[in-house]
$ cat coords27.pdb   # PDB, C-alpha atoms
ATOM      1  CA  MET A   1       0.000   0.000   0.000
ATOM      2  CA  ARG A   2       2.819   2.402   0.859
ATOM      3  CA  LEU A   3       4.611   1.743  -2.440
ATOM      4  CA  PHE A   4       1.363   2.312  -4.317
ATOM      5  CA  THR A   5       0.839   5.631  -2.545
ATOM      6  CA  ARG A   6       4.348   6.798  -3.431
ATOM      7  CA  ALA A   7       3.834   5.776  -7.075
ATOM      8  CA  VAL A   8       0.593   7.752  -7.264
ATOM      9  CA  CYS A   9       2.291  10.805  -5.701
ATOM     10  CA  ALA A  10       5.136  10.550  -8.206
ATOM     11  CA  GLY A  11       2.629  10.439 -11.042
ATOM     12  CA  VAL A  12       0.790  13.487  -9.751
ATOM     13  CA  VAL A  13       4.056  15.382  -9.402
ATOM     14  CA  ALA A  14       5.180  14.464 -12.915
ATOM     15  CA  SER A  15       1.880  15.523 -14.462
ATOM     16  CA  THR A  16       1.484  18.715 -12.422
ATOM     17  CA  LEU A  17       5.024  20.072 -12.598
ATOM     18  CA  THR A  18       6.464  19.724 -16.078
ATOM     19  CA  VAL A  19      10.240  19.326 -15.851
ATOM     20  CA  ASN A  20      12.994  18.148 -18.154
ATOM     21  CA  MET A  21      14.998  15.341 -16.545
ATOM     22  CA  ALA A  22      16.417  13.567 -19.589
ATOM     23  CA  SER A  23      19.437  15.736 -20.269
ATOM     24  CA  ALA A  24      20.516  15.777 -16.625
ATOM     25  CA  SER A  25      20.133  12.021 -16.247
ATOM     26  CA  GLU A  26      22.198  11.391 -19.363
ATOM     27  CA  GLN A  27      25.176  13.082 -17.713
ATOM     28  CA  GLY A  28      25.090  10.708 -14.760
ATOM     29  CA  TRP A  29      24.313  13.266 -12.056
ATOM     30  CA  ARG A  30      21.710  11.006 -10.428
ATOM     31  CA  ALA A  31      24.456   8.936  -8.785
ATOM     32  CA  ARG A  32      25.486  12.022  -6.795
ATOM     33  CA  SER A  33      21.998  13.119  -5.731
ATOM     34  CA  SER A  34      22.750  11.544  -2.358
ATOM     35  CA  SER A  35      25.415   9.208  -1.086
ATOM     36  CA  ALA A  36      24.918   5.530  -0.309
ATOM     37  CA  VAL A  37      23.179   4.888   2.989
ATOM     38  CA  GLU A  38      22.885   1.515   4.698
ATOM     39  CA  VAL A  39      20.140   1.358   7.293
ATOM     40  CA  THR A  40      18.014  -1.326   8.905
ATOM     41  CA  VAL A  41      14.239  -1.266   9.290
ATOM     42  CA  SER A  42      14.772  -0.512  12.975
ATOM     43  CA  ASP A  43      17.105   2.384  12.121
ATOM     44  CA  ILE A  44      14.505   3.888   9.779
ATOM     45  CA  SER A  45      11.786   3.579  12.402
ATOM     46  CA  ALA A  46      14.000   5.319  14.964
ATOM     47  CA  GLU A  47      14.954   8.065  12.494
ATOM     48  CA  VAL A  48      11.336   8.796  11.604
ATOM     49  CA  SER A  49      10.146   8.739  15.225
ATOM     50  CA  PHE A  50      13.016  10.978  16.273
ATOM     51  CA  GLY A  51      12.382  13.401  13.423
ATOM     52  CA  ARG A  52       8.666  13.512  14.165
ATOM     53  CA  GLU A  53       9.422  14.729  17.689
ATOM     54  CA  ILE A  54      11.728  17.460  16.373
ATOM     55  CA  ALA A  55       9.109  18.469  13.799
ATOM     56  CA  ALA A  56       6.546  18.751  16.600
ATOM     57  CA  ARG A  57       8.860  21.082  18.498
ATOM     58  CA  ILE A  58       9.335  23.242  15.421
ATOM     59  CA  LEU A  59       5.548  23.477  15.085
ATOM     60  CA  GLY A  60       5.416  24.333  18.772
ATOM     61  CA  ARG A  61       7.643  27.335  18.044
ATOM     62  CA  TYR A  62       5.899  28.402  14.828
ATOM     63  CA  LYS A  63       2.438  27.394  13.736
ATOM     64  CA  ALA A  64       1.888  25.910  10.285
ATOM     65  CA  LEU A  65       0.370  28.228   7.699
ATOM     66  CA  ASP A  66      -3.258  27.341   6.992
ATOM     67  CA  ASP A  67      -3.289  27.562   3.190
ATOM     68  CA  ALA A  68      -4.181  24.271   1.503
ATOM     69  CA  GLU A  69      -3.372  25.359  -2.055
ATOM     70  CA  LEU A  70       0.020  26.789  -1.121
ATOM     71  CA  ILE A  71       0.933  23.689   0.896
ATOM     72  CA  LYS A  72      -0.060  21.493  -2.047
ATOM     73  CA  TYR A  73       2.189  23.524  -4.344
ATOM     74  CA  ILE A  74       5.170  23.342  -1.963
ATOM     75  CA  ASN A  75       4.719  19.574  -1.669
ATOM     76  CA  LEU A  76       4.564  19.127  -5.436
ATOM     77  CA  VAL A  77       7.848  20.986  -5.871
ATOM     78  CA  GLY A  78       9.442  19.105  -2.994
ATOM     79  CA  LEU A  79       8.295  15.670  -4.155
ATOM     80  CA  THR A  80       9.608  16.404  -7.652
ATOM     81  CA  LEU A  81      13.060  16.733  -6.094
ATOM     82  CA  VAL A  82      12.662  13.757  -3.743
ATOM     83  CA  ARG A  83      12.125  11.406  -6.706
ATOM     84  CA  ASN A  84      15.852  11.642  -7.444
ATOM     85  CA  THR A  85      17.177  10.784  -3.980
ATOM     86  CA  ASN A  86      18.261   7.381  -2.709
ATOM     87  CA  ARG A  87      15.883   7.332   0.275
ATOM     88  CA  PRO A  88      12.716   5.722  -1.165
ATOM     89  CA  GLU A  89      11.984   4.258   2.263
ATOM     90  CA  LEU A  90      11.110   7.734   3.596
ATOM     91  CA  GLU A  91       7.863   9.637   3.151
ATOM     92  CA  PHE A  92       8.677  13.333   2.794
ATOM     93  CA  TYR A  93       6.331  16.034   4.092
ATOM     94  CA  PHE A  94       6.632  19.736   3.296
ATOM     95  CA  SER A  95       4.993  22.567   5.212
ATOM     96  CA  VAL A  96       5.086  26.374   5.487
ATOM     97  CA  LEU A  97       5.678  28.073   8.832
ATOM     98  CA  ASP A  98       3.598  31.185   9.512
ATOM     99  CA  THR A  99       6.458  33.549  10.320
ATOM    100  CA  ASP A 100       8.219  36.328   8.447
ATOM    101  CA  GLU A 101      11.612  35.079   9.578
ATOM    102  CA  ILE A 102      13.706  33.925   6.610
ATOM    103  CA  ASN A 103      14.637  30.304   7.109
ATOM    104  CA  ALA A 104      14.007  26.646   6.321
ATOM    105  CA  TYR A 105      14.361  23.550   8.478
ATOM    106  CA  ALA A 106      14.705  19.805   8.004
ATOM    107  CA  ALA A 107      13.929  17.222  10.674
ATOM    108  CA  PRO A 108      15.208  13.649  10.267
ATOM    109  CA  GLY A 109      12.857  11.218   8.589
ATOM    110  CA  GLY A 110      11.640  13.627   5.901
ATOM    111  CA  TYR A 111       9.968  16.602   7.615
ATOM    112  CA  ILE A 112      10.781  19.809   5.717
ATOM    113  CA  PHE A 113       9.658  23.309   6.692
ATOM    114  CA  ILE A 114      10.057  26.645   4.921
ATOM    115  CA  THR A 115       8.999  29.968   6.370
ATOM    116  CA  LYS A 116       6.548  32.411   4.890
ATOM    117  CA  GLY A 117       9.309  35.028   5.059
ATOM    118  CA  ALA A 118      11.628  32.908   2.906
ATOM    119  CA  LEU A 119       8.908  32.473   0.268
ATOM    120  CA  LYS A 120       8.268  36.206   0.170
ATOM    121  CA  ILE A 121      11.899  36.999  -0.651
ATOM    122  CA  MET A 122      12.153  34.373  -3.408
ATOM    123  CA  GLN A 123      11.676  35.308  -7.046
ATOM    124  CA  ASP A 124      10.887  32.026  -8.773
ATOM    125  CA  GLU A 125      10.166  28.325  -8.377
ATOM    126  CA  ALA A 126      13.771  27.367  -9.077
ATOM    127  CA  GLU A 127      14.859  29.264  -5.943
ATOM    128  CA  LEU A 128      12.189  27.429  -3.956
ATOM    129  CA  ALA A 129      13.493  24.132  -5.363
ATOM    130  CA  GLY A 130      17.058  25.110  -4.470
ATOM    131  CA  VAL A 131      16.203  25.782  -0.833
ATOM    132  CA  LEU A 132      14.034  22.672  -0.503
ATOM    133  CA  GLY A 133      16.811  20.653  -2.144
ATOM    134  CA  HIS A 134      19.270  21.878   0.474
ATOM    135  CA  GLU A 135      16.954  20.801   3.303
ATOM    136  CA  ILE A 136      16.292  17.461   1.608
ATOM    137  CA  GLY A 137      20.062  16.990   1.581
ATOM    138  CA  HIS A 138      20.211  17.264   5.373
ATOM    139  CA  VAL A 139      17.695  14.414   5.553
ATOM    140  CA  THR A 140      19.110  12.108   2.887
ATOM    141  CA  GLU A 141      22.652  12.512   4.201
ATOM    142  CA  MET A 142      21.356  11.923   7.746
ATOM    143  CA  HIS A 143      23.356  14.796   9.236
ATOM    144  CA  VAL A 144      21.497  14.932  12.556
ATOM    145  CA  VAL A 145      21.148  11.149  12.724
ATOM    146  CA  LYS A 146      24.875  10.601  12.205
ATOM    147  CA  GLU A 147      25.933  13.395  14.551
ATOM    148  CA  LEU A 148      23.801  12.066  17.415
ATOM    149  CA  LYS A 149      24.369   8.411  16.467
ATOM    150  CA  ILE A 150      20.661   7.668  16.255
ATOM    151  CA  LYS A 151      20.224   3.924  15.797
ATOM    152  CA  GLY A 152      17.282   1.654  16.229
ATOM    153  CA  ASP A 153      19.003  -1.376  17.625
ATOM    154  CA  ASP A 154      22.179  -0.689  19.585
ATOM    155  CA  ASN A 155      22.901  -0.962  23.279
ATOM    156  CA  SER A 156      23.331   2.703  24.118
ATOM    157  CA  ALA A 157      20.830   4.183  26.554
ATOM    158  CA  VAL A 158      20.706   7.343  24.453
ATOM    159  CA  THR A 159      20.785   6.027  20.912
ATOM    160  CA  GLY A 160      18.569   2.952  21.192
ATOM    161  CA  LEU A 161      15.667   5.044  19.926
ATOM    162  CA  ALA A 162      13.559   2.074  18.914
ATOM    163  CA  ARG A 163      13.329   1.165  22.591
ATOM    164  CA  LEU A 164      13.246   4.695  23.968
ATOM    165  CA  VAL A 165      10.309   5.824  21.822
ATOM    166  CA  GLY A 166       8.058   3.256  23.433
ATOM    167  CA  GLY A 167       9.862   3.173  26.758
ATOM    168  CA  SER A 168       7.705   3.727  29.800
ATOM    169  CA  SER A 169      10.445   4.187  32.394
ATOM    170  CA  GLU A 170      11.452   7.622  33.606
ATOM    171  CA  SER A 171      15.054   7.086  32.499
ATOM    172  CA  ALA A 172      13.957   6.086  28.979
ATOM    173  CA  ARG A 173      11.753   9.163  28.645
ATOM    174  CA  ALA A 174      14.522  11.413  29.962
ATOM    175  CA  ALA A 175      17.129   9.957  27.593
ATOM    176  CA  PHE A 176      14.798  10.322  24.619
ATOM    177  CA  GLY A 177      13.973  13.895  25.596
ATOM    178  CA  GLN A 178      17.654  14.793  25.863
ATOM    179  CA  ALA A 179      18.359  13.347  22.421
ATOM    180  CA  VAL A 180      15.457  15.315  20.923
ATOM    181  CA  ASP A 181      16.716  18.482  22.648
ATOM    182  CA  LYS A 182      20.097  18.080  20.961
ATOM    183  CA  GLY A 183      18.527  17.343  17.589
ATOM    184  CA  PHE A 184      16.209  20.344  17.831
ATOM    185  CA  GLU A 185      19.135  22.595  18.688
ATOM    186  CA  MET A 186      21.054  21.369  15.634
ATOM    187  CA  VAL A 187      18.105  21.936  13.317
ATOM    188  CA  PHE A 188      16.653  25.126  14.746
ATOM    189  CA  GLN A 189      19.896  26.966  15.458
ATOM    190  CA  ASP A 190      21.607  26.032  12.173
ATOM    191  CA  ALA A 191      24.251  24.142  14.151
ATOM    192  CA  TYR A 192      25.262  21.830  11.330
ATOM    193  CA  LYS A 193      28.919  21.215  10.631
ATOM    194  CA  ARG A 194      30.579  23.165   7.832
ATOM    195  CA  GLU A 195      30.924  20.043   5.692
ATOM    196  CA  ASP A 196      27.250  19.196   6.257
ATOM    197  CA  GLU A 197      26.088  22.558   4.925
ATOM    198  CA  LEU A 198      28.332  22.287   1.882
ATOM    199  CA  GLN A 199      27.230  18.706   1.242
ATOM    200  CA  SER A 200      23.568  19.786   1.353
ATOM    201  CA  ASP A 201      24.334  22.516  -1.177
ATOM    202  CA  ARG A 202      25.881  19.890  -3.450
ATOM    203  CA  VAL A 203      22.797  17.712  -3.103
ATOM    204  CA  SER A 204      20.603  20.718  -3.925
ATOM    205  CA  VAL A 205      22.512  21.528  -7.116
ATOM    206  CA  THR A 206      22.208  17.931  -8.294
ATOM    207  CA  LEU A 207      18.523  17.565  -7.429
ATOM    208  CA  THR A 208      17.517  20.842  -9.049
ATOM    209  CA  ALA A 209      19.518  20.048 -12.187
ATOM    210  CA  LEU A 210      17.962  16.591 -12.435
ATOM    211  CA  ALA A 211      14.512  18.136 -12.147
ATOM    212  CA  GLY A 212      15.219  20.656 -14.908
ATOM    213  CA  TYR A 213      15.364  23.694 -12.633
ATOM    214  CA  ASP A 214      17.967  26.448 -12.904
ATOM    215  CA  ALA A 215      20.755  24.958 -10.782
ATOM    216  CA  SER A 216      22.168  28.413 -10.005
ATOM    217  CA  ALA A 217      18.930  29.461  -8.274
ATOM    218  CA  LEU A 218      20.140  28.600  -4.769
ATOM    219  CA  ALA A 219      23.165  30.859  -5.279
ATOM    220  CA  ARG A 220      20.886  33.721  -6.372
ATOM    221  CA  TYR A 221      18.745  33.261  -3.283
ATOM    222  CA  LEU A 222      21.767  33.111  -0.965
ATOM    223  CA  TYR A 223      23.139  36.351  -2.402
ATOM    224  CA  ARG A 224      19.798  38.048  -1.779
ATOM    225  CA  ILE A 225      19.581  37.026   1.868
ATOM    226  CA  LYS A 226      23.281  37.609   2.597
ATOM    227  CA  PRO A 227      22.789  41.074   4.170
ATOM    228  CA  ILE A 228      20.139  39.604   6.468
ATOM    229  CA  LYS A 229      21.754  36.295   7.420
ATOM    230  CA  GLU A 230      25.306  37.499   7.923
ATOM    231  CA  LYS A 231      24.724  40.390  10.294
ATOM    232  CA  VAL A 232      26.610  38.245  12.789
ATOM    233  CA  VAL A 233      30.118  37.287  11.672
ATOM    234  CA  LEU A 234      30.375  33.512  11.228
ATOM    235  CA  ASN A 235      33.335  31.353  12.136
ATOM    236  CA  GLU A 236      34.086  29.676   8.801
ATOM    237  CA  ASP A 237      35.947  26.909  10.606
ATOM    238  CA  THR A 238      32.558  25.683  11.809
ATOM    239  CA  HIS A 239      30.116  27.249   9.342
ATOM    240  CA  PRO A 240      30.611  28.238   5.686
ATOM    241  CA  THR A 241      30.009  31.834   4.653
ATOM    242  CA  ILE A 242      27.473  32.557   1.959
ATOM    243  CA  ILE A 243      30.298  33.620  -0.352
ATOM    244  CA  SER A 244      32.017  30.245   0.031
ATOM    245  CA  ARG A 245      28.733  28.422  -0.520
ATOM    246  CA  VAL A 246      28.007  30.384  -3.682
ATOM    247  CA  ALA A 247      31.535  29.753  -4.946
ATOM    248  CA  GLN A 248      31.065  26.011  -4.499
ATOM    249  CA  ILE A 249      27.723  26.070  -6.324
ATOM    250  CA  LYS A 250      29.262  27.901  -9.285
ATOM    251  CA  LEU A 251      32.163  25.441  -9.364
ATOM    252  CA  LEU A 252      29.804  22.456  -9.345
ATOM    253  CA  ILE A 253      27.782  23.889 -12.213
ATOM    254  CA  ALA A 254      30.926  24.567 -14.246
ATOM    255  CA  THR A 255      32.499  21.183 -13.469
ATOM    256  CA  ASP A 256      29.356  19.263 -14.393
ATOM    257  CA  GLY A 257      28.794  21.352 -17.510
ATOM    258  CA  ILE A 258      25.255  22.258 -16.450
ATOM    259  CA  ASP A 259      23.682  24.630 -18.969
ATOM    260  CA  THR A 260      21.609  26.859 -16.687
ATOM    261  CA  VAL A 261      20.360  28.875 -19.670
ATOM    262  CA  LYS A 262      18.331  25.864 -20.808
ATOM    263  CA  GLN A 263      16.957  25.191 -17.345
ATOM    264  CA  SER A 264      13.687  26.585 -16.026
ATOM    265  CA  LYS A 265      12.883  29.185 -13.384
ATOM    266  CA  TYR A 266       9.048  29.221 -13.551
ATOM    267  CA  GLU A 267       8.684  32.799 -12.312
ATOM    268  CA  THR A 268       5.028  33.214 -13.272
ATOM    269  CA  ARG A 269       3.883  29.932 -11.747
ATOM    270  CA  PHE A 270       5.720  30.721  -8.534
ATOM    271  CA  VAL A 271       4.301  34.249  -8.207
ATOM    272  CA  GLU A 272       0.770  32.983  -8.845
ATOM    273  CA  SER A 273       1.161  30.133  -6.356
ATOM    274  CA  ILE A 274       2.348  32.303  -3.453
ATOM    275  CA  GLN A 275       0.015  35.221  -4.212
ATOM    276  CA  SER A 276      -1.967  34.581  -1.033
ATOM    277  CA  ILE A 277       0.949  35.370   1.298
ATOM    278  CA  ARG A 278       2.099  38.381  -0.711
ATOM    279  CA  ILE A 279      -1.360  39.924  -0.461
ATOM    280  CA  LEU A 280      -1.015  39.724   3.320
ATOM    281  CA  ARG A 281       2.484  41.180   3.357
TER     282      ARG A 281
END
$ encode --input "coords27.pdb" --output "structure tokens"
Amino acid sequence: MRLFTRAVCAGVVASTLTVNMASASEQGWRARSSSAVEVTVSDISAEVSFGREIAARILGRYKALDDAELIKYINLVGLTLVRNTNRPELEFYFSVLDTDEINAYAAPGGYIFITKGALKIMQDEAELAGVLGHEIGHVTEMHVVKELKIKGDDNSAVTGLARLVGGSSESARAAFGQAVDKGFEMVFQDAYKREDELQSDRVSVTLTALAGYDASALARYLYRIKPIKEKVVLNEDTHPTIISRVAQIKLLIATDGIDTVKQSKYETRFVESIQSIRILR
């Protein structure tokens, strides 16, 4: 039943969002859309349960925007990108947070959030795809899961999430809560490692190119938010600057020979789809 549901979703995405994947696939980029991941059924269950708790905390901080048509559109764009990852065992969910802060978040297991403020500053659908692709990269590369050593079947009191999720003892609940606290801090405070952020950018470039979107869109978006996001000087030993991220994106596009001129931006469709939040600006 789950496989059938995913197949139907993929069909809806393909018919609703017209993209050109042939040329990108021919150049072998799909193999780099996300690296190989070996997980057990128990690991996946722990990852999803853990991510669900983090997603709940994000929604406790910001409420979800109540706009069915906009949410449908965001999910269609997101699922178009997800089709090219190597995590078919995950169900991805995309939502919009009702805040004018400019940000996006990814919880393990496939929970992706983008803020209303981020959508307002974007200019086209390719930029939306670029940002969603970056967040998808955090999930597919399991950055939080690997950092906190989240496993479903080991002997650690903290990382045996399969047992902790259903644990009734006070110590089990406390250990699970502490793990979720750490995961939430990583996600919500942008506390990813430098290499994690750069890896997610690489995933984004590949996913957007495979889907026929302008692969340089993420760089355009980053440039636009640079004055806002870099008011505080970052330590590049732990977090890449926007300039270094943009430089990597341009290098990837040049190295892979991606012809961004032939790729799509979908400005009109994007503007029409987010009209509801711009009216309320």
$ resolve_selection --input "coords27.pdb" --expression "the PyMOL selection byres ((chain A and resi 241-249) around 12)" --output "ChimeraX atom specification"
/A:130,134,194-206,208-209,214-240,250-256,258
$ resolve_selection --input "coords27.pdb" --expression "the PyMOL selection byres ((chain A and resi 101) around 8)" --output "MDAnalysis selection string"
chainID A and resid 99:100 102:103 115:118
$ atom_distance --input "coords27.pdb" --atom1 "CA of Asp181 in chain A" --atom2 "CA of Glu89 in chain A"
25.3 Å
$ residues_near_point --input "coords27.pdb" --point "(13.1, 12.3, 16.3)" --cutoff "8 Å" --atoms "all atoms listed in the file" --output "ChimeraX atom specification"
/A:46-55,107-109,180,183
$ resolve_selection --input "coords27.pdb" --expression "the PyMOL selection byres ((chain A and resi 262) around 10)" --output "VMD selection string"
chain A and resid 20 212 to 214 258 to 261 263 to 265
$ write_last_selection --input "coords27.pdb" --atoms "C-alpha atoms" --output "mmCIF file, in the coordinates of the input"
data_model
loop_
_atom_site.group_PDB
_atom_site.id
_atom_site.type_symbol
_atom_site.label_atom_id
_atom_site.label_comp_id
_atom_site.auth_asym_id
_atom_site.auth_seq_id
_atom_site.Cartn_x
_atom_site.Cartn_y
_atom_site.Cartn_z
ATOM 1 C CA ASN A 20 12.994 18.148 -18.154
ATOM 2 C CA GLY A 212 15.219 20.656 -14.908
ATOM 3 C CA TYR A 213 15.364 23.694 -12.633
ATOM 4 C CA ASP A 214 17.967 26.448 -12.904
ATOM 5 C CA ILE A 258 25.255 22.258 -16.450
ATOM 6 C CA ASP A 259 23.682 24.630 -18.969
ATOM 7 C CA THR A 260 21.609 26.859 -16.687
ATOM 8 C CA VAL A 261 20.360 28.875 -19.670
ATOM 9 C CA GLN A 263 16.957 25.191 -17.345
ATOM 10 C CA SER A 264 13.687 26.585 -16.026
ATOM 11 C CA LYS A 265 12.883 29.185 -13.384
#
$ closest_residue --input "coords27.pdb" --among "A:Val41, A:Ile274, A:Ile150, A:Val144" --to "Phe184 in chain A" --atoms "all atoms listed in the file"
A:Val144
$ residues_near_point --input "coords27.pdb" --point "(22.1, 18.4, 19.0)" --cutoff "12 Å" --atoms "only C-alpha atoms" --output "compact mmCIF listing (two decimals) with C-alpha atoms, keeping the file's coordinate frame"
# COMPACT_ATOMS: atom_id res chain seq x y z
CA ILE A 54 11.73 17.46 16.37
CA ALA A 107 13.93 17.22 10.67
CA HIS A 143 23.36 14.80 9.24
CA VAL A 144 21.50 14.93 12.56
CA VAL A 145 21.15 11.15 12.72
CA LYS A 146 24.88 10.60 12.20
CA GLU A 147 25.93 13.40 14.55
CA LEU A 148 23.80 12.07 17.42
CA LYS A 149 24.37 8.41 16.47
CA ILE A 150 20.66 7.67 16.26
CA GLY A 177 13.97 13.90 25.60
CA GLN A 178 17.65 14.79 25.86
CA ALA A 179 18.36 13.35 22.42
CA VAL A 180 15.46 15.32 20.92
CA ASP A 181 16.72 18.48 22.65
CA LYS A 182 20.10 18.08 20.96
CA GLY A 183 18.53 17.34 17.59
CA PHE A 184 16.21 20.34 17.83
CA GLU A 185 19.14 22.60 18.69
CA MET A 186 21.05 21.37 15.63
CA VAL A 187 18.10 21.94 13.32
CA PHE A 188 16.65 25.13 14.75
CA GLN A 189 19.90 26.97 15.46
CA ASP A 190 21.61 26.03 12.17
CA ALA A 191 24.25 24.14 14.15
CA TYR A 192 25.26 21.83 11.33
CA LYS A 193 28.92 21.22 10.63
